[in-house]
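Working notes, beginning with the structure itself.
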Amino acid sequence: MQNLTELAPGSSAIVRDLPKQGAAFLRLREMGMLPGTKITFLRAAPLGDPIEIKVRGYNLTLRKSEAGRVLVEPASGPPPEPVQV
Amino acid sequence: MTRQPVFALVGNPNCGKSTLFNALTGLKQKIGNYPGVTIEKKSGTAYTQHGRPLTLIDLPGAYSLAARSPDEAITRDVLLGRRADTPLPDRVLCIVDAANLERNLYLVHQVLDLGRPVILVLNMMDLAAQAGLEVRADRLEKELGIPVIPCEAVNGRGLVEIKLALSRPEPALSRHAWDVPAAVAPAVAELQSSLTDADAKPPLIARAEALLLLTDPNAVRVAGSTPLSDRTAAILSTWKQRWETEGTDWSGILVNSRYDAIARLVEGAVIRRKQRPGTVSIQQRSDRIDAVLTHPVLGWLALGAIMTALFLSIFLFAGYPMGLIENLMDAAAQAVRSRMAEGDLRDLITDGVIAGAGSVVVFLPQILILFFFIGLLESTGYMARVAFIMDRLMARAGLNGKAFIPLLGSYACAIPGIMAARTMENAKDRLVTILIAPLMSCSARLPVYLLMIAMLVPGATFNDALLKVGIMTGLYVLGAAGAFGFAWLFKRTLVKGEPSLMIMELPPYRLPRLGEVVRQMLERGWMFLRRAGTTIMGISIVLWFLAAYPKTNDSGIGGEGEAAAGTAVAGTTAGTAVVGTAAGTAVVAGTAAATAAPGVPISPITLIAPITPIPPATSTATSATTSATSAAPEAPPPHSAIGQSFAGMAGRAIEPVIKPLGFDWRIGIGIIGSLAAREVFISTMGTVFSIENADEEPEPLREAFARASWPDGRPLFTPLVCVTLLVFYVFAMQCLATLAVVRRETNSLRWPAFQLAYMTGAAWLVCLVIYQGGRLLGL
């Protein structure tokens, strides 16, 4: 298990856990990032923070301070389709 | 006759909501603000396919009814019938991005809980198809039990079907029942009945509110304008305590179960095919563009190029229309002058009203250009990338990346910059951005900088030029550093609270929709004229009055005969370079070409913030003084006409306060005159020192400055005072027009008052340290 910031650009993972408390994490859940959701790490911003990920077919940016508290499990198998539903 | 039905249009940001709204309402739109907040309220008249009119309200884009921003709170409150100014919608038109169905349906799922009839519009069907997605509207319709209409709002496909759906007289209520998870179901039921009984909410709305209370841990935020009754609050806290001890993640359970229900829905309704070979979906194309535009090296180059283009076009393109506006205002003033007998009323019209109108309209070119660019950046999707790239830097000051464009725009003029802060959804970040924006050195400071730098470095050698550039750069950096410093301070003291979030969708790049960009630009311009324009115009008239009255005794109407009464020649008397002439007034007043009472610093031109200075209309009065001077045998008492005006009195009154900074009352008048616009300093000082046309030809004014001295003979404008004055102009809040806009944008008098106090206070303190420190060092 690693946190979201530790993924290599282009690699995918399954979200396993994210904090129960905090407005940021409620919003992340409401935007579709839930335990069991597949995400792809796309890139970090030119200054290293924030990061951009793909979740449920759209691109989302969040800061490392939040991403560092999202636990993920690297997904095996081929990288996901560029567009998911 | 029955009331015209009210429908609400609801959807995520970036799902094509505005496009659909424009397509359905055409030009029959009303744009205003929700009372009490500065959030745009858009409504319009749409017609069903059978020609029946209905009111369509375009609610702000939202991801969830568990609102996080003021925009989302409006959407929630209108849908829950909490706003007295907006009727509870009879029906809700939900629009979703068909290529991005799951996340879009989350909001729809919450809206369905409200029990209002819902029509679901699947937008961007073409883009979904490109991505290999076949979205079966009929299956969604069957599952949800509501009309589901595929559409491509951009090219008008599906509009007729939507209008037909609007025509349906009795829409079936949603059959879509989702099972509230067992863990929280009893709490929902209990809260619902309490909200119905104790809080007098309609049952279905009570249920929706109960679900929201169990989604967002912050009950106060959910309750918003309708605080919970004690009974409901007690029930809620009892349940929360119980779950706390059990370790139940109640909020997570609700969000998860909604997404589970959505997943089942989508599974049956969306068929994923292999993308046709050779086709590129919008998301794939967007990812390729992003590889360049957010690249660690290329990304900076692109951002730099785009921002330079934005900045340059404000400077270059705004100059021409601004000059035109100034000329028009001159012509108008001239026309009045030639038709009216001279007198106070004529002065009021030409120098008060027309100049005041000019001072409002002159901001429009910059506002329009900045908003055109912002619209373009938003419409293409690049705006979100700017925030993405700049976030790290802005985070240092406690802001997020979205503050970048408003602050950059403020380098041209704080007014469009502050208006651009509307793009920030976090209320606290937006407030801090508005508070610090005027610290960015705007173009109105430039003439003052140039004049005072020329005082400091009179030479023209290459090294002098370098030094000048260095000082100028230093002033710009000082302003920006001050802005960041204060942002940092305010985020830690004034608007403390939850740190700003940076959770943002990066929408796919799209071609800009020029029509919508222009439309939005015009809306912003109109809003500025309507909401801030009246205030700015009023202030201009008051400032004119303060500088023109009370008139000196001998400046009476038709005072030509008195011209010789008391005149002065600029700088003739050593020691007191104070010279404004009371009689100059009379001469001017008697001259057909003259515009105004003398010491009126606020001519149609001077009020206006020109990027390229344009000769003031008053310049026609130039020869007047000259002719009068011949009759002046000796220096008058140190009273110019402006010196005797209210502005002059104020200048003297503040002298004790500014003396520790090395400024005398004459500089005080200049500072007060700057309240109209900072560059007015120059023409005001010109009037004080009886230098005509000072903003055209600064050389005589510089010479007068060089000769100016204190009553005891010490020179006034020492290099130290010049530096202090420059720093004062960097920090001080001297723009009433900006304050008028801040009042509108923050919807309070408190924040502009605070802004005036903290900026001017900071200016005074920093200048005190510099001047007194410099004196100690023997400068």
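Each chain of the structure tokens is named A, B, ... in the order shown, its residues numbered from 1; ligands are numbered from 1 in display order.
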
Check: For chain A, which residues have at least one atom within 9 Å of chain B, if we go by only C-alpha atoms? Write them as a PyMOL selection string, please.
Finding: chain A and resi 20-24+26-32+34-35+43-52+56-63+82-85

Only N, CA and C atoms, please: the residues just picked out, written as a short mmCIF file (atom, residue, chain, number, x, y, z; two decimals), in the first residue's frame.
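Final output, result28.cif:
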```cif
data_model
loop_
_atom_site.label_atom_id
_atom_site.label_comp_id
_atom_site.auth_asym_id
_atom_site.auth_seq_id
_atom_site.Cartn_x
_atom_site.Cartn_y
_atom_site.Cartn_z
N LYS A 20 -11.69 9.87 6.89
CA LYS A 20 -13.13 10.07 7.05
C LYS A 20 -13.45 11.52 7.35
N GLN A 21 -12.51 12.20 7.98
CA GLN A 21 -12.76 13.58 8.38
C GLN A 21 -12.19 14.55 7.36
N GLY A 22 -12.75 15.74 7.35
CA GLY A 22 -12.16 16.79 6.54
C GLY A 22 -12.98 17.10 5.30
N ALA A 23 -13.18 18.39 5.09
CA ALA A 23 -14.00 18.83 3.97
C ALA A 23 -13.40 18.39 2.65
N ALA A 24 -12.07 18.39 2.58
CA ALA A 24 -11.41 18.03 1.32
C ALA A 24 -11.77 16.60 0.92
N LEU A 26 -14.38 14.76 1.91
CA LEU A 26 -15.78 14.64 1.53
C LEU A 26 -15.95 15.05 0.07
N ARG A 27 -15.30 16.18 -0.30
CA ARG A 27 -15.43 16.63 -1.68
C ARG A 27 -14.82 15.63 -2.65
N LEU A 28 -13.67 15.05 -2.27
CA LEU A 28 -13.06 14.06 -3.15
C LEU A 28 -13.99 12.86 -3.34
N ARG A 29 -14.64 12.43 -2.26
CA ARG A 29 -15.59 11.32 -2.40
C ARG A 29 -16.74 11.72 -3.31
N GLU A 30 -17.26 12.92 -3.08
CA GLU A 30 -18.41 13.36 -3.87
C GLU A 30 -18.04 13.50 -5.34
N MET A 31 -16.75 13.74 -5.60
CA MET A 31 -16.32 13.83 -6.99
C MET A 31 -15.95 12.46 -7.53
N GLY A 32 -16.27 11.45 -6.79
CA GLY A 32 -16.17 10.09 -7.32
C GLY A 32 -14.92 9.32 -6.92
N LEU A 34 -13.56 7.14 -4.47
CA LEU A 34 -14.01 6.36 -3.33
C LEU A 34 -13.13 5.12 -3.19
N PRO A 35 -13.14 4.50 -2.03
CA PRO A 35 -12.43 3.22 -1.93
C PRO A 35 -12.93 2.27 -3.02
N ARG A 43 0.23 13.53 -13.88
CA ARG A 43 1.46 14.33 -13.78
C ARG A 43 1.37 15.24 -12.57
N ALA A 44 2.55 15.75 -12.21
CA ALA A 44 2.59 16.81 -11.20
C ALA A 44 2.69 18.13 -11.94
N ALA A 45 2.26 19.20 -11.31
CA ALA A 45 2.39 20.53 -11.90
C ALA A 45 3.87 20.87 -12.04
N PRO A 46 4.20 21.83 -12.90
CA PRO A 46 5.62 22.16 -13.13
C PRO A 46 6.41 22.42 -11.84
N LEU A 47 5.77 22.94 -10.82
CA LEU A 47 6.50 23.19 -9.57
C LEU A 47 6.39 22.02 -8.59
N GLY A 48 5.86 20.89 -9.07
CA GLY A 48 5.82 19.69 -8.25
C GLY A 48 4.54 19.50 -7.46
N ASP A 49 3.76 20.54 -7.33
CA ASP A 49 2.52 20.47 -6.58
C ASP A 49 1.56 21.47 -7.20
N PRO A 50 0.32 21.23 -7.38
CA PRO A 50 -0.45 20.01 -7.10
C PRO A 50 -0.22 18.91 -8.14
N ILE A 51 -1.01 17.84 -8.03
CA ILE A 51 -0.89 16.76 -9.00
C ILE A 51 -2.20 16.62 -9.78
N GLU A 52 -2.11 15.95 -10.91
CA GLU A 52 -3.29 15.73 -11.75
C GLU A 52 -3.53 14.23 -11.88
N ARG A 56 -12.66 8.26 -12.90
CA ARG A 56 -13.96 8.12 -13.58
C ARG A 56 -14.03 8.90 -14.89
N GLY A 57 -12.92 8.90 -15.62
CA GLY A 57 -12.95 9.46 -16.96
C GLY A 57 -12.70 10.94 -17.07
N TYR A 58 -12.50 11.63 -15.95
CA TYR A 58 -12.18 13.05 -16.07
C TYR A 58 -10.91 13.34 -15.29
N ASN A 59 -10.35 14.53 -15.54
CA ASN A 59 -9.09 14.89 -14.91
C ASN A 59 -9.35 15.77 -13.70
N LEU A 60 -8.66 15.44 -12.62
CA LEU A 60 -8.88 16.13 -11.36
C LEU A 60 -7.53 16.54 -10.80
N THR A 61 -7.48 17.75 -10.23
CA THR A 61 -6.23 18.15 -9.60
C THR A 61 -6.45 18.32 -8.10
N LEU A 62 -5.45 17.90 -7.35
CA LEU A 62 -5.50 18.07 -5.90
C LEU A 62 -4.08 18.27 -5.40
N ARG A 63 -3.97 18.86 -4.22
CA ARG A 63 -2.64 19.13 -3.69
C ARG A 63 -2.06 17.87 -3.06
N PRO A 82 -8.18 5.49 -21.98
CA PRO A 82 -8.09 6.92 -21.71
C PRO A 82 -9.41 7.49 -21.22
N VAL A 83 -10.49 6.89 -21.69
CA VAL A 83 -11.79 7.40 -21.26
C VAL A 83 -12.58 6.27 -20.66
N GLN A 84 -12.97 6.46 -19.42
CA GLN A 84 -13.85 5.51 -18.79
C GLN A 84 -15.19 6.20 -18.60
N VAL A 85 -16.16 5.40 -18.25
CA VAL A 85 -17.45 6.03 -17.97
C VAL A 85 -17.57 6.19 -16.46
#
```

If we count only C-alpha atoms and set the cut-off at 8 Å, which residues sit around Leu71 (chain A), ignoring sequence neighbours fewer than 4 positions away in its own chain? Please answer as a JSON list (two decimals) with C-alpha atoms, in the first residue's frame.
```json
[["chain", "number", "residue", "atom", "x", "y", "z"],
["A", 1, "MET", "CA", 0.00, 0.00, 0.00],
["A", 2, "GLN", "CA", 1.32, 3.42, -0.88],
["A", 3, "ASN", "CA", -0.09, 6.91, -0.99],
["A", 4, "LEU", "CA", -1.27, 8.66, -4.11],
["A", 15, "VAL", "CA", -8.06, 3.75, -4.04],
["A", 16, "ARG", "CA", -8.14, 1.79, -0.81],
["A", 17, "ASP", "CA", -8.66, 4.33, 1.91],
["A", 18, "LEU", "CA", -9.06, 8.01, 2.46]]
```

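The environment of region 321-324 of chain B within 6 Å, counting only C-alpha atoms and disregarding residues fewer than 3 places along the same chain, consists of B:Ala318, B:Asn327, B:Val362.
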
Print the selection's residues with N, CA and C atoms to a file, as an mmCIF file, in the first residue's frame.
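Everything below was put into selection.cif:
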```cif
data_model
loop_
_atom_site.group_PDB
_atom_site.id
_atom_site.type_symbol
_atom_site.label_atom_id
_atom_site.label_comp_id
_atom_site.auth_asym_id
_atom_site.auth_seq_id
_atom_site.Cartn_x
_atom_site.Cartn_y
_atom_site.Cartn_z
ATOM 1 N N ALA B 318 -6.327 49.009 -25.030
ATOM 2 C CA ALA B 318 -7.197 49.870 -24.218
ATOM 3 C C ALA B 318 -6.877 51.337 -24.464
ATOM 4 N N ASN B 327 -11.631 62.055 -25.639
ATOM 5 C CA ASN B 327 -11.945 63.080 -26.640
ATOM 6 C C ASN B 327 -13.444 63.358 -26.700
ATOM 7 N N VAL B 362 -14.273 55.357 -18.732
ATOM 8 C CA VAL B 362 -12.897 55.141 -19.130
ATOM 9 C C VAL B 362 -12.366 53.795 -18.630
#
```

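Across the model, the gap from CA of Glu143 (chain B) to CA of Trp178 (chain B) is 11.1 Å.
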
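What separates CA of Thr423 (chain B) from CA of Leu120 (chain B) is a distance of 27.1 Å.
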
Next item on the list: Report as a PyMOL selection string: the residues of region 19-231 of chain B with a DSSP assignment of helix (DSSP H, G or I), based on the backbone of this structure.
Entry: chain B and resi 19-25+70-79+98-112+125-130+137-144+153-155+159-167+185-197+203-213+219-223+230-231

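Of the listed residues A:Glu66, A:Thr40, A:Phe25, A:Pro74, the one whose atoms come nearest to Ile53 (chain A) is A:Thr40, with distances taken using only C-alpha atoms.
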
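Reported to one decimal place, the separation of CA of Ala421 (chain B) from CA of Thr226 (chain B) is 28.0 Å.
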